[in-house]
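**Student:** Structure file data_3.txt, compact mmCIF, C-alpha atoms, is pasted below:
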```
# COMPACT_ATOMS: atom_id res chain seq x y z
CA MET A 1397 40.06 -20.79 -246.16
CA LYS A 1398 37.42 -23.21 -244.89
CA LYS A 1399 40.03 -24.99 -242.70
CA ILE A 1400 40.96 -21.68 -241.07
CA THR A 1401 37.28 -20.92 -240.38
CA TYR A 1402 36.67 -24.39 -238.79
CA LEU A 1403 39.80 -24.02 -236.67
CA ALA A 1404 38.64 -20.63 -235.41
CA ILE A 1405 35.23 -22.06 -234.45
CA VAL A 1406 36.82 -24.92 -232.52
CA VAL A 1407 39.13 -22.54 -230.66
CA LEU A 1408 36.17 -20.34 -229.69
CA LEU A 1409 34.15 -23.35 -228.41
CA VAL A 1410 37.03 -24.63 -226.31
CA PHE A 1411 37.71 -21.17 -224.90
CA GLY A 1412 34.01 -20.66 -224.10
CA GLY A 1413 33.79 -24.04 -222.32
CA VAL A 1414 36.80 -23.24 -220.17
CA VAL A 1415 35.26 -19.90 -219.19
CA LEU A 1416 31.92 -21.57 -218.25
CA VAL A 1417 33.65 -24.18 -216.09
CA LYS A 1418 35.67 -21.52 -214.25
CA ASN A 1419 32.55 -19.40 -213.63
CA LYS A 1420 30.63 -22.44 -212.26
CA LYS A 1421 33.52 -23.34 -209.92
CA ALA A 1422 33.64 -19.76 -208.68
CA GLU A 1423 29.87 -19.82 -208.03
CA LEU A 1424 30.06 -23.08 -206.05
CA ALA A 1425 33.07 -21.88 -204.09
CA SER A 1426 31.17 -18.75 -203.06
CA LYS A 1427 28.41 -20.82 -201.31
CA PRO A 1428 28.99 -21.91 -197.64
CA LEU A 1429 29.57 -25.69 -197.46
CA MET A 1430 27.50 -26.27 -194.30
CA GLU A 1431 24.54 -24.36 -195.79
CA GLU A 1432 24.45 -26.87 -198.66
CA PHE A 1433 24.12 -29.78 -196.19
CA ALA A 1434 21.91 -28.11 -193.57
CA LEU A 1435 19.35 -30.53 -192.10
CA ASN A 1436 15.66 -29.71 -192.20
CA ALA A 1437 13.93 -29.76 -188.80
CA LYS A 1438 10.82 -28.42 -187.06
CA ILE A 1439 10.31 -26.84 -183.67
CA PHE A 1440 7.86 -28.36 -181.17
CA HIS A 1441 6.50 -26.30 -178.25
CA PRO A 1442 5.23 -28.67 -175.49
CA ILE A 1443 2.21 -27.69 -173.41
CA GLU A 1444 0.67 -29.39 -170.39
CA LYS A 1445 -2.67 -31.04 -171.18
CA GLN A 1446 -4.96 -33.96 -170.44
CA GLY A 1447 -4.30 -37.07 -172.50
CA ASP A 1448 -3.35 -40.73 -172.51
CA ILE A 1449 -0.59 -43.04 -173.72
CA ARG A 1450 -1.56 -46.25 -175.53
CA VAL A 1451 0.19 -49.33 -176.90
CA GLN A 1452 -1.07 -52.29 -178.90
CA ALA A 1453 -1.65 -55.52 -176.93
CA LEU A 1454 -3.19 -58.92 -177.60
CA ALA A 1455 -6.45 -59.74 -175.82
CA GLY A 1456 -8.42 -62.97 -175.81
CA VAL A 1457 -12.21 -63.00 -175.88
CA LYS A 1458 -13.44 -65.11 -172.99
CA SER A 1459 -16.78 -65.95 -171.46
CA GLU A 1460 -17.73 -65.70 -167.80
CA GLY A 1461 -17.59 -69.21 -166.37
CA VAL A 1462 -16.23 -71.09 -169.38
CA VAL A 1463 -15.49 -74.57 -168.03
CA GLN A 1464 -13.36 -77.25 -169.67
CA TYR A 1465 -13.90 -80.82 -168.50
CA SER A 1466 -11.30 -83.60 -168.53
CA SER A 1467 -10.65 -86.96 -166.90
CA LYS A 1468 -7.73 -87.94 -164.68
CA LEU A 1469 -7.99 -91.60 -165.74
CA PRO A 1470 -8.54 -93.47 -169.03
CA LEU A 1471 -12.27 -94.09 -168.51
CA ARG A 1472 -15.00 -94.97 -170.99
CA VAL A 1473 -17.46 -92.21 -171.95
CA LEU A 1474 -21.01 -93.28 -171.01
CA HIS A 1475 -22.75 -90.01 -171.89
CA ILE A 1476 -21.81 -86.72 -173.59
CA VAL A 1477 -23.96 -83.84 -174.87
CA SER A 1478 -23.90 -82.65 -178.48
CA MET A 1479 -21.79 -79.81 -179.88
CA ALA A 1480 -23.51 -76.37 -179.75
CA GLU A 1481 -26.28 -77.80 -177.54
CA SER A 1482 -27.88 -75.26 -175.19
CA LEU A 1483 -28.47 -76.55 -171.67
CA LYS A 1484 -29.90 -75.29 -168.40
CA LYS A 1485 -28.02 -75.14 -165.12
CA GLY A 1486 -27.71 -78.58 -163.48
CA ALA A 1487 -28.04 -80.60 -166.70
CA LEU A 1488 -25.71 -83.61 -167.05
CA LEU A 1489 -22.98 -82.77 -169.55
CA LEU A 1490 -20.60 -85.71 -169.36
CA GLU A 1491 -20.50 -89.06 -167.53
CA LEU A 1492 -17.57 -91.49 -167.38
CA ASP A 1493 -17.55 -95.11 -166.21
CA ASN A 1494 -16.66 -94.97 -162.51
CA GLN A 1495 -17.43 -98.55 -161.36
CA ASP A 1496 -13.80 -99.47 -160.74
CA ILE A 1497 -13.26 -96.33 -158.65
CA LEU A 1498 -16.41 -97.01 -156.58
CA HIS A 1499 -15.19 -100.56 -155.94
CA ASP A 1500 -11.82 -99.22 -154.76
CA VAL A 1501 -13.55 -96.74 -152.45
CA GLN A 1502 -15.54 -99.55 -150.84
CA ASN A 1503 -12.43 -101.68 -150.35
CA VAL A 1504 -10.50 -98.83 -148.74
CA ALA A 1505 -13.45 -98.01 -146.46
CA LEU A 1506 -13.56 -101.65 -145.30
CA GLU A 1507 -9.81 -101.63 -144.70
CA ILE A 1508 -10.12 -98.46 -142.61
CA GLU A 1509 -12.84 -100.05 -140.49
CA ASN A 1510 -10.72 -103.18 -139.86
CA SER A 1511 -7.72 -101.03 -138.97
CA ARG A 1512 -9.80 -99.07 -136.45
CA ILE A 1513 -10.85 -102.34 -134.78
CA ASP A 1514 -7.18 -103.38 -134.67
CA LEU A 1515 -6.25 -99.99 -133.22
CA SER A 1516 -8.90 -100.29 -130.52
CA SER A 1517 -7.56 -103.73 -129.55
CA LYS A 1518 -3.94 -102.56 -129.41
CA THR A 1519 -4.89 -99.46 -127.43
CA LEU A 1520 -6.65 -101.62 -124.83
CA GLN A 1521 -3.65 -103.98 -124.71
CA LEU A 1522 -1.29 -101.03 -124.20
CA LYS A 1523 -3.35 -99.66 -121.30
CA THR A 1524 -3.40 -103.11 -119.65
CA LEU A 1525 0.39 -103.45 -119.96
CA GLN A 1526 0.92 -99.98 -118.54
CA THR A 1527 -1.42 -100.67 -115.58
CA ASN A 1528 0.32 -103.99 -114.79
CA HIS A 1529 3.71 -102.32 -115.08
CA GLU A 1530 2.75 -99.65 -112.55
CA ARG A 1531 1.72 -102.42 -110.13
CA SER A 1532 5.01 -104.27 -110.74
CA LEU A 1533 7.03 -101.15 -109.94
CA LYS A 1534 5.29 -100.88 -106.55
CA LEU A 1535 6.01 -104.54 -105.81
CA GLN A 1536 9.65 -104.10 -106.82
CA SER A 1537 10.10 -101.51 -104.08
CA VAL A 1538 9.39 -104.20 -101.45
CA GLY A 1539 11.33 -106.91 -103.27
CA GLY A 1540 8.28 -108.71 -104.54
CA ILE A 1541 9.31 -108.82 -108.22
CA SER A 1542 12.55 -109.32 -110.11
CA PRO A 1543 14.34 -106.71 -112.23
CA GLU A 1544 14.16 -109.09 -115.22
CA GLN A 1545 10.35 -109.05 -115.12
CA ILE A 1546 10.35 -105.24 -114.98
CA ALA A 1547 12.58 -105.13 -118.05
CA ASN A 1548 10.38 -107.60 -119.95
CA GLU A 1549 7.29 -105.53 -119.19
CA GLU A 1550 8.97 -102.37 -120.46
CA VAL A 1551 9.94 -104.12 -123.70
CA ALA A 1552 6.35 -105.34 -124.15
CA ILE A 1553 5.00 -101.79 -123.58
CA GLU A 1554 7.48 -100.35 -126.06
CA SER A 1555 6.61 -102.97 -128.69
CA THR A 1556 2.83 -102.49 -128.26
CA LEU A 1557 3.20 -98.71 -128.39
CA PHE A 1558 5.13 -99.00 -131.68
CA ALA A 1559 2.44 -101.32 -133.13
CA THR A 1560 -0.31 -98.91 -132.05
CA LYS A 1561 1.38 -95.95 -133.78
CA ALA A 1562 1.89 -98.08 -136.91
CA VAL A 1563 -1.85 -98.79 -137.08
CA GLU A 1564 -2.63 -95.09 -136.55
CA SER A 1565 -0.29 -94.20 -139.40
CA LYS A 1566 -1.90 -96.85 -141.62
CA ILE A 1567 -5.36 -95.39 -140.96
CA GLU A 1568 -4.17 -91.90 -141.97
CA ILE A 1569 -2.70 -93.30 -145.19
CA LEU A 1570 -5.95 -95.09 -145.97
CA LYS A 1571 -7.95 -91.90 -145.28
CA ASN A 1572 -5.79 -90.00 -147.77
CA LYS A 1573 -6.23 -92.76 -150.32
CA LYS A 1574 -10.00 -92.66 -149.86
CA ALA A 1575 -9.99 -88.86 -150.30
CA GLN A 1576 -7.98 -89.23 -153.52
CA LEU A 1577 -10.44 -91.81 -154.85
CA LYS A 1578 -13.38 -89.55 -154.03
CA ASN A 1579 -11.60 -86.74 -155.84
CA LEU A 1580 -11.29 -89.00 -158.88
CA LEU A 1581 -15.02 -89.69 -158.64
CA SER A 1582 -15.66 -85.95 -158.97
CA TYR A 1583 -14.05 -86.17 -162.43
CA THR A 1584 -16.51 -88.77 -163.71
CA LYS A 1585 -19.79 -86.81 -163.70
CA PHE A 1586 -20.02 -83.19 -164.83
CA TYR A 1587 -23.06 -80.91 -164.60
CA ALA A 1588 -23.76 -77.51 -166.15
CA PRO A 1589 -22.84 -74.80 -163.59
CA PHE A 1590 -25.06 -72.25 -165.37
CA ASP A 1591 -27.28 -71.83 -168.42
CA GLY A 1592 -25.00 -72.03 -171.43
CA ILE A 1593 -23.85 -73.72 -174.60
CA VAL A 1594 -21.35 -76.44 -175.57
CA VAL A 1595 -18.49 -74.71 -177.42
CA GLU A 1596 -16.07 -77.65 -177.73
CA ARG A 1597 -16.34 -81.46 -177.83
CA ASN A 1598 -13.34 -83.73 -178.37
CA VAL A 1599 -14.64 -87.24 -177.63
CA GLU A 1600 -17.53 -89.49 -178.64
CA GLN A 1601 -19.77 -91.72 -176.52
CA GLY A 1602 -18.19 -95.16 -176.01
CA GLU A 1603 -14.62 -93.92 -176.53
CA ILE A 1604 -11.91 -94.02 -173.85
CA ALA A 1605 -11.11 -90.58 -172.50
CA THR A 1606 -7.45 -89.51 -172.68
CA PRO A 1607 -6.28 -88.39 -169.20
CA PHE A 1608 -5.95 -84.61 -168.72
CA LYS A 1609 -7.08 -83.86 -172.28
CA GLY A 1610 -10.03 -81.50 -172.68
CA LEU A 1611 -13.17 -83.51 -173.44
CA LEU A 1612 -15.83 -80.81 -173.36
CA SER A 1613 -16.06 -77.01 -172.95
CA PHE A 1614 -19.19 -75.27 -171.74
CA ALA A 1615 -19.60 -71.49 -171.87
CA ASN A 1616 -22.01 -68.72 -170.98
CA GLU A 1617 -22.49 -66.92 -174.32
CA LYS A 1618 -23.93 -63.73 -172.85
CA ARG A 1619 -21.21 -62.79 -170.34
CA ARG A 1620 -18.08 -62.03 -172.37
CA TYR A 1621 -14.92 -60.24 -171.32
CA PHE A 1622 -11.30 -59.69 -172.42
CA GLU A 1623 -8.29 -61.45 -170.89
CA LEU A 1624 -4.71 -60.17 -171.27
CA GLU A 1625 -1.26 -61.39 -170.19
CA LEU A 1626 1.21 -58.54 -169.59
CA PRO A 1627 4.78 -58.24 -168.27
CA SER A 1628 5.04 -57.32 -164.58
CA SER A 1629 6.63 -53.99 -165.56
CA ILE A 1630 3.33 -52.81 -167.11
CA GLU A 1631 0.52 -51.44 -164.94
CA PRO A 1632 -2.39 -50.80 -167.34
CA LYS A 1633 -5.10 -48.22 -166.74
CA GLY A 1634 -7.61 -49.96 -169.00
CA ILE A 1635 -8.26 -50.89 -172.63
CA ILE A 1636 -10.09 -49.17 -175.49
CA TYR A 1637 -12.76 -51.12 -177.35
CA GLU A 1638 -15.17 -49.62 -179.87
CA GLY A 1639 -14.02 -46.15 -178.76
CA ALA A 1640 -14.88 -46.74 -175.09
CA LYS A 1641 -12.53 -47.29 -172.17
CA ILE A 1642 -12.96 -50.56 -170.25
CA ALA A 1643 -11.53 -51.15 -166.77
CA LEU A 1644 -9.19 -54.08 -166.05
CA GLN A 1645 -8.86 -56.24 -162.96
CA LYS A 1646 -5.59 -57.94 -162.04
CA LEU A 1647 -5.91 -61.63 -161.17
CA PRO A 1648 -4.16 -62.71 -157.95
CA VAL A 1649 -2.17 -65.55 -159.57
CA ALA A 1650 0.51 -64.80 -162.19
CA LYS A 1651 1.07 -67.16 -165.11
CA ASN A 1652 4.52 -67.90 -166.55
CA SER A 1653 5.97 -64.75 -164.92
CA MET A 1654 3.24 -62.70 -166.66
CA ASN A 1655 0.46 -60.84 -164.90
CA ARG A 1656 -3.08 -61.70 -165.99
CA TYR A 1657 -5.86 -59.13 -166.32
CA ILE A 1658 -9.54 -59.45 -167.13
CA SER A 1659 -11.92 -56.72 -168.19
CA ASN A 1660 -15.38 -55.98 -166.92
CA GLU A 1661 -18.21 -57.67 -168.80
CA VAL A 1662 -18.80 -55.93 -172.11
CA ALA A 1663 -20.80 -56.46 -175.31
CA ILE A 1664 -18.11 -58.01 -177.54
CA LYS A 1665 -19.04 -58.82 -181.13
CA GLU A 1666 -16.04 -61.14 -181.70
CA SER A 1667 -16.51 -64.86 -181.01
CA ILE A 1668 -15.36 -66.59 -177.82
CA GLY A 1669 -11.78 -67.79 -178.24
CA THR A 1670 -10.78 -64.97 -180.62
CA THR A 1671 -7.41 -63.29 -180.02
CA MET A 1672 -7.35 -59.69 -181.21
CA SER A 1673 -5.19 -56.57 -181.11
CA ILE A 1674 -6.50 -53.86 -178.80
CA ASP A 1675 -5.36 -50.47 -177.44
CA LEU A 1676 -3.93 -50.71 -173.92
CA VAL A 1677 -3.92 -47.49 -171.85
CA LEU A 1678 -0.64 -47.08 -169.95
CA TYR A 1679 -1.17 -43.54 -168.66
CA GLU A 1680 -3.97 -41.01 -168.46
CA GLY A 1681 -4.08 -37.58 -166.93
CA LEU A 1682 -2.12 -34.31 -167.02
CA GLY A 1683 1.31 -34.19 -168.57
CA TYR A 1684 3.55 -33.01 -171.36
CA PHE A 1685 2.90 -35.34 -174.29
CA LEU A 1686 5.82 -35.48 -176.70
CA PRO A 1687 5.70 -37.11 -180.16
CA ASN A 1688 8.31 -39.77 -180.95
CA ASN A 1689 10.35 -37.43 -183.17
CA SER A 1690 10.76 -34.75 -180.48
CA PHE A 1691 13.29 -36.61 -178.32
CA LEU A 1692 16.35 -38.81 -178.77
CA GLN A 1693 17.14 -42.10 -177.05
CA ILE A 1694 20.79 -42.98 -176.38
CA ASN A 1695 21.86 -45.99 -174.25
CA SER A 1696 18.41 -46.41 -172.65
CA LYS A 1697 18.25 -42.72 -171.73
CA SER A 1698 16.03 -40.06 -173.30
CA TYR A 1699 17.16 -36.56 -174.28
CA LEU A 1700 15.54 -33.36 -175.53
CA LEU A 1701 17.33 -31.13 -178.03
CA LEU A 1702 16.57 -27.57 -176.93
CA TYR A 1703 16.71 -24.94 -179.68
CA GLU A 1704 17.47 -21.38 -178.57
CA ASN A 1705 19.22 -18.51 -180.33
CA GLU A 1706 20.02 -20.81 -183.28
CA LYS A 1707 21.90 -23.13 -180.93
CA VAL A 1708 21.05 -26.69 -179.85
CA THR A 1709 21.69 -28.10 -176.35
CA LYS A 1710 20.97 -31.58 -175.01
CA ARG A 1711 18.90 -32.18 -171.83
CA GLU A 1712 18.01 -35.52 -170.25
CA ILE A 1713 14.33 -36.21 -169.50
CA ALA A 1714 12.41 -38.88 -167.55
CA PHE A 1715 9.17 -40.26 -168.99
CA LEU A 1716 6.25 -41.75 -167.08
CA ALA A 1717 5.12 -43.88 -170.01
CA CYS A 1718 5.75 -44.36 -173.72
CA GLY A 1719 3.39 -45.69 -176.37
CA ASN A 1720 2.52 -45.85 -180.04
CA THR A 1721 2.65 -42.12 -180.73
CA GLY A 1722 5.05 -40.79 -178.10
CA CYS A 1723 5.83 -40.37 -174.41
CA VAL A 1724 4.57 -38.34 -171.47
CA SER A 1725 6.51 -36.51 -168.75
CA ARG A 1726 5.54 -34.55 -165.65
CA GLU A 1727 8.64 -32.36 -165.81
CA ASP A 1728 7.92 -28.67 -166.45
CA LEU A 1729 8.62 -28.15 -170.18
CA SER A 1730 6.59 -24.97 -170.66
CA GLY A 1731 8.23 -22.32 -172.83
CA LEU A 1732 10.79 -24.69 -174.35
CA SER A 1733 11.49 -25.08 -178.06
CA LEU A 1734 12.30 -28.69 -178.92
CA LEU A 1735 13.98 -29.83 -182.08
CA GLN A 1736 11.70 -32.20 -184.00
CA ALA A 1737 13.46 -34.49 -186.48
CA LYS A 1738 14.42 -38.08 -187.21
CA PRO A 1739 16.90 -39.74 -184.77
CA ASP A 1740 19.74 -39.87 -187.30
CA ALA A 1741 19.24 -36.17 -188.05
CA MET A 1742 19.34 -35.33 -184.32
CA LEU A 1743 22.61 -37.22 -183.95
CA LYS A 1744 24.10 -35.26 -186.86
CA VAL A 1745 22.99 -31.99 -185.25
CA LEU A 1746 24.74 -32.97 -182.02
CA SER A 1747 27.90 -33.65 -184.03
CA GLY A 1748 27.87 -30.05 -185.31
CA MET A 1749 25.85 -30.09 -188.54
CA LYS A 1750 23.72 -26.99 -189.11
CA ILE A 1751 19.95 -27.11 -189.28
CA ALA A 1752 17.33 -25.31 -191.30
CA ILE A 1753 14.15 -24.68 -189.27
CA LYS A 1754 10.88 -25.18 -191.14
CA GLU A 1755 7.64 -23.86 -189.74
```
Transcribe the structure of this file into structure tokens.
**Tutor:**
Amino acid sequence: MKKITYLAIVVLLVFGGVVLVKNKKAELASKPLMEEFALNAKIFHPIEKQGDIRVQALAGVKSEGVVQYSSKLPLRVLHIVSMAESLKKGALLLELDNQDILHDVQNVALEIENSRIDLSSKTLQLKTLQTNHERSLKLQSVGGISPEQIANEEVAIESTLFATKAVESKIEILKNKKAQLKNLLSYTKFYAPFDGIVVERNVEQGEIATPFKGLLSFANEKRRYFELELPSSIEPKGIIYEGAKIALQKLPVAKNSMNRYISNEVAIKESIGTTMSIDLVLYEGLGYFLPNNSFLQINSKSYLLLYENEKVTKREIAFLACGNTGCVSREDLSGLSLLQAKPDAMLKVLSGMKIAIKE
């Protein structure tokens, strides 16, 4: 009797399970498949307004008139000021041993003077030969001089003329050499161009200076500014520091295919030489400012997904600038409803997947 009762219970459980499974399948089959996988999205209504577009950029803190001093030759350091020493304009900062250069300048000057004396002598000789030759040509017309003598005189004139030009060329070479030596002299004594402070010192008194290596840097602590290097494709409108906009000035000479900009003087709390991240203004003014999730980029082109009557259509758009939070356009977008979603969701919508709009 007990076996029959257990068997009946088992049969009822199996039958009940089958019924539950069939009911669940029927319930799932009654739901639309696309509704189950509908993508959540929002609608964005663009309006024209005043605003700006910013990106992050690196800016270096500089000082007005920071000067770095170096030598062009391996010369001994005779005098150098101390690190962090404050000095007035005109004070001697650095002096290198220039005795050998001064000696070379004197030798070249003497050689130039001797060459000028030689040039004067050859010039006089050339004029004498030319005068005698003119007289010989007149005598030749009456048969008073031989053709051989005429030819010899012409050879002598040509030879003296060549020697004269050689001396002239030598003098020009010596002048250039003297100018180069004087230029080297200008790299042996350095004076403070303004009131300031020593911010870097890389050599000690008595040591031999390494050519073209910075020996000393002198800066004006009070006149600080920002310096930026930007690609030529970027035309900045300014930077934002401590909540305030600061104008930028483009320097005339590019560096490594990058354009260089400096800001106006500003009270900067960071130390000279600091490199920091700062907001760079790419655009400011009227426009339709769209957040990054309100448009789709495909193959370097930008598209809006217009939502109307529960349908989505794609429209290409041109932006004036793009930044950290979005892009700006001057196209008339008033009255449009833009789909706002992640890029992968937008691509799925374009492929036909339904969307569920959330306010």
**Student:** Write out as a list in words which residues come within 8 Å of A:Ser1628 when counting all atoms listed in the file, dropping same-chain ones fewer than 5 positions away.
**Tutor:** Ser1653, Met1654 and Asn1655 of chain A
**Student:** Restrict the selected residues to C-alpha atoms and save them as a tab-separated table (two decimals), in the coordinates of the input.
**Tutor:**
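The result, stored in selection-v7.tsv:
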```
chain	number	residue	atom	x	y	z
A	1653	SER	CA	5.97	-64.75	-164.92
A	1654	MET	CA	3.24	-62.70	-166.66
A	1655	ASN	CA	0.46	-60.84	-164.90
```
**Student:** Residues within 9 Å of A:Ile1497, please, as a list in words. Count only C-alpha atoms; anything in the same chain fewer than 4 positions from it doesn't count.
**Tutor:**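 My list of contacting residues is Asp1493, Val1501, Gln1502, Leu1577, Lys1578, Leu1580 and Leu1581 of chain A.
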**Student:** For a test of reading the model, state the distance in Å between atom CA of A:His1441 and atom CA of A:Ser1747, rounded to one decimal.
**Tutor:**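 Between these atoms lies a distance of 23.4 Å.
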**Student:** List the neighbours of A:Leu1492 out to 8 Å using only C-alpha atoms; skip same-chain residues closer than 4 positions along the sequence, and give me the result as a ChimeraX atom specification.
**Tutor:** /A:1471-1475,1584-1585
**Student:** Extract, using only C-alpha atoms, all DNA, RNA and protein residues at most 8 Å from stretch 1659-1675 of chain A, discarding same-chain residues fewer than 3 positions from it, and format them as a list in words.
**Tutor:** Arg1450, Val1451, Gln1452, Ala1453, Leu1454, Ala1455, Gly1456, Val1457, Lys1458, Ser1459, Glu1617, Arg1619, Arg1620, Tyr1621, Phe1622, Glu1623, Ile1635, Ile1636, Tyr1637, Ile1642, Ala1643, Leu1644 and Gln1645 of chain A
**Student:** Could you jot down the atom CA of A:Leu1716 to atom CA of A:Leu1686 separation for me, Å, one decimal place?
**Tutor:**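 Value for the atom CA of A:Leu1716-atom CA of A:Leu1686 distance: 11.5 Å.
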**Student:** Work out how far atom CA of A:Ala1434 is from atom CA of A:Phe1685, in Å to one decimal.
**Tutor:** 28.0 Å
**Student:** Considering only C-alpha atoms, can you say which of A:Ala1575, A:Asn1503, A:Tyr1703, A:His1529 comes closest to A:Ile1541?
**Tutor:**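 Of A:Ala1575, A:Asn1503, A:Tyr1703, A:His1529, the one nearest A:Ile1541 is A:His1529, counting only C-alpha atoms.
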**Student:** So that I can check the surroundings of A:Gly1447, please list as a list in words every protein, DNA and RNA residue that reaches within 10 Å of it, counting only C-alpha atoms and ignoring chain neighbours fewer than 6 positions away.
**Tutor:**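 So the residues in contact are Tyr1679, Glu1680, Gly1681, Leu1682, Gly1683, Tyr1684, Phe1685 and Val1724 of chain A.
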**Student:** Produce the centre coordinates and the three edge lengths, each in Å to one decimal, of the box along x, y and z that contains all listed atoms of stretch 1747-1755 of chain A with 8 Å added on each side, as AutoDock Vina command-line options.
**Tutor:**
```
--center_x 17.8 --center_y -28.8 --center_z -187.7 --size_x 36.3 --size_y 25.8 --size_z 23.3
```
**Student:** In terms of the shortest atom-to-atom distance over only C-alpha atoms, which of A:Leu1435, A:Leu1746, A:Leu1732, A:Leu1520 is closest to A:Val1708?
**Tutor:** A:Leu1746
**Student:** Mind listing whatever residues come within 6 Å of the point (-28.4, -76.8, -163.0)? Use only C-alpha atoms, file coordinates, and give them as a compact mmCIF listing (two decimals) with C-alpha atoms, in the frame of the given file.
**Tutor:**
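Everything below was put into point.txt:
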```txt
# COMPACT_ATOMS: atom_id res chain seq x y z
CA LYS A 1484 -29.90 -75.29 -168.40
CA LYS A 1485 -28.02 -75.14 -165.12
CA GLY A 1486 -27.71 -78.58 -163.48
CA ALA A 1487 -28.04 -80.60 -166.70
CA ALA A 1588 -23.76 -77.51 -166.15
CA PRO A 1589 -22.84 -74.80 -163.59
```
**Student:** Measuring atom to atom with all atoms listed in the file, identify which of A:Glu1444, A:Glu1481, A:Asp1591, A:Glu1596 is nearest to A:Arg1726.
**Tutor:**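 Once distances to A:Arg1726 are computed over all atoms listed in the file, the minimum belongs to A:Glu1444.
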**Student:** Taking all atoms listed in the file into account, name the residue in A:Ser1690, A:Gly1748, A:Tyr1587, A:Leu1483 that is nearest to A:Ser1733.
**Tutor:**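 Of all the options, A:Ser1690 lies closest to A:Ser1733.
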**Student:** Atoms are missing here; could stretch 1551-1567 of chain A be completed with N, CA and C atoms and written as a compact mmCIF listing (two decimals), keeping the file's coordinate frame?
**Tutor:**
```txt
# COMPACT_ATOMS: atom_id res chain seq x y z
N VAL A 1551 9.79 -103.75 -122.29
CA VAL A 1551 9.94 -104.12 -123.70
C VAL A 1551 8.59 -104.35 -124.35
N ALA A 1552 7.68 -105.05 -123.62
CA ALA A 1552 6.35 -105.34 -124.15
C ALA A 1552 5.56 -104.04 -124.38
N ILE A 1553 5.69 -103.08 -123.44
CA ILE A 1553 5.00 -101.79 -123.58
C ILE A 1553 5.52 -101.04 -124.81
N GLU A 1554 6.87 -101.05 -124.94
CA GLU A 1554 7.48 -100.35 -126.06
C GLU A 1554 7.03 -100.95 -127.39
N SER A 1555 7.00 -102.27 -127.46
CA SER A 1555 6.61 -102.97 -128.69
C SER A 1555 5.14 -102.70 -129.04
N THR A 1556 4.26 -102.74 -128.02
CA THR A 1556 2.83 -102.49 -128.26
C THR A 1556 2.58 -101.05 -128.67
N LEU A 1557 3.33 -100.13 -128.04
CA LEU A 1557 3.20 -98.71 -128.39
C LEU A 1557 3.60 -98.48 -129.85
N PHE A 1558 4.67 -99.12 -130.29
CA PHE A 1558 5.13 -99.00 -131.68
C PHE A 1558 4.07 -99.55 -132.64
N ALA A 1559 3.47 -100.71 -132.29
CA ALA A 1559 2.44 -101.32 -133.13
C ALA A 1559 1.20 -100.43 -133.21
N THR A 1560 0.86 -99.79 -132.08
CA THR A 1560 -0.31 -98.91 -132.05
C THR A 1560 -0.11 -97.71 -132.99
N LYS A 1561 1.09 -97.10 -132.91
CA LYS A 1561 1.38 -95.95 -133.78
C LYS A 1561 1.40 -96.37 -135.25
N ALA A 1562 1.87 -97.59 -135.53
CA ALA A 1562 1.89 -98.08 -136.91
C ALA A 1562 0.48 -98.20 -137.47
N VAL A 1563 -0.46 -98.68 -136.63
CA VAL A 1563 -1.85 -98.79 -137.08
C VAL A 1563 -2.45 -97.40 -137.30
N GLU A 1564 -2.14 -96.47 -136.39
CA GLU A 1564 -2.63 -95.09 -136.55
C GLU A 1564 -2.14 -94.49 -137.86
N SER A 1565 -0.87 -94.71 -138.15
CA SER A 1565 -0.29 -94.20 -139.40
C SER A 1565 -0.97 -94.84 -140.63
N LYS A 1566 -1.24 -96.14 -140.53
CA LYS A 1566 -1.90 -96.85 -141.62
C LYS A 1566 -3.29 -96.27 -141.89
N ILE A 1567 -4.01 -95.94 -140.80
CA ILE A 1567 -5.36 -95.39 -140.96
C ILE A 1567 -5.30 -94.04 -141.67
```
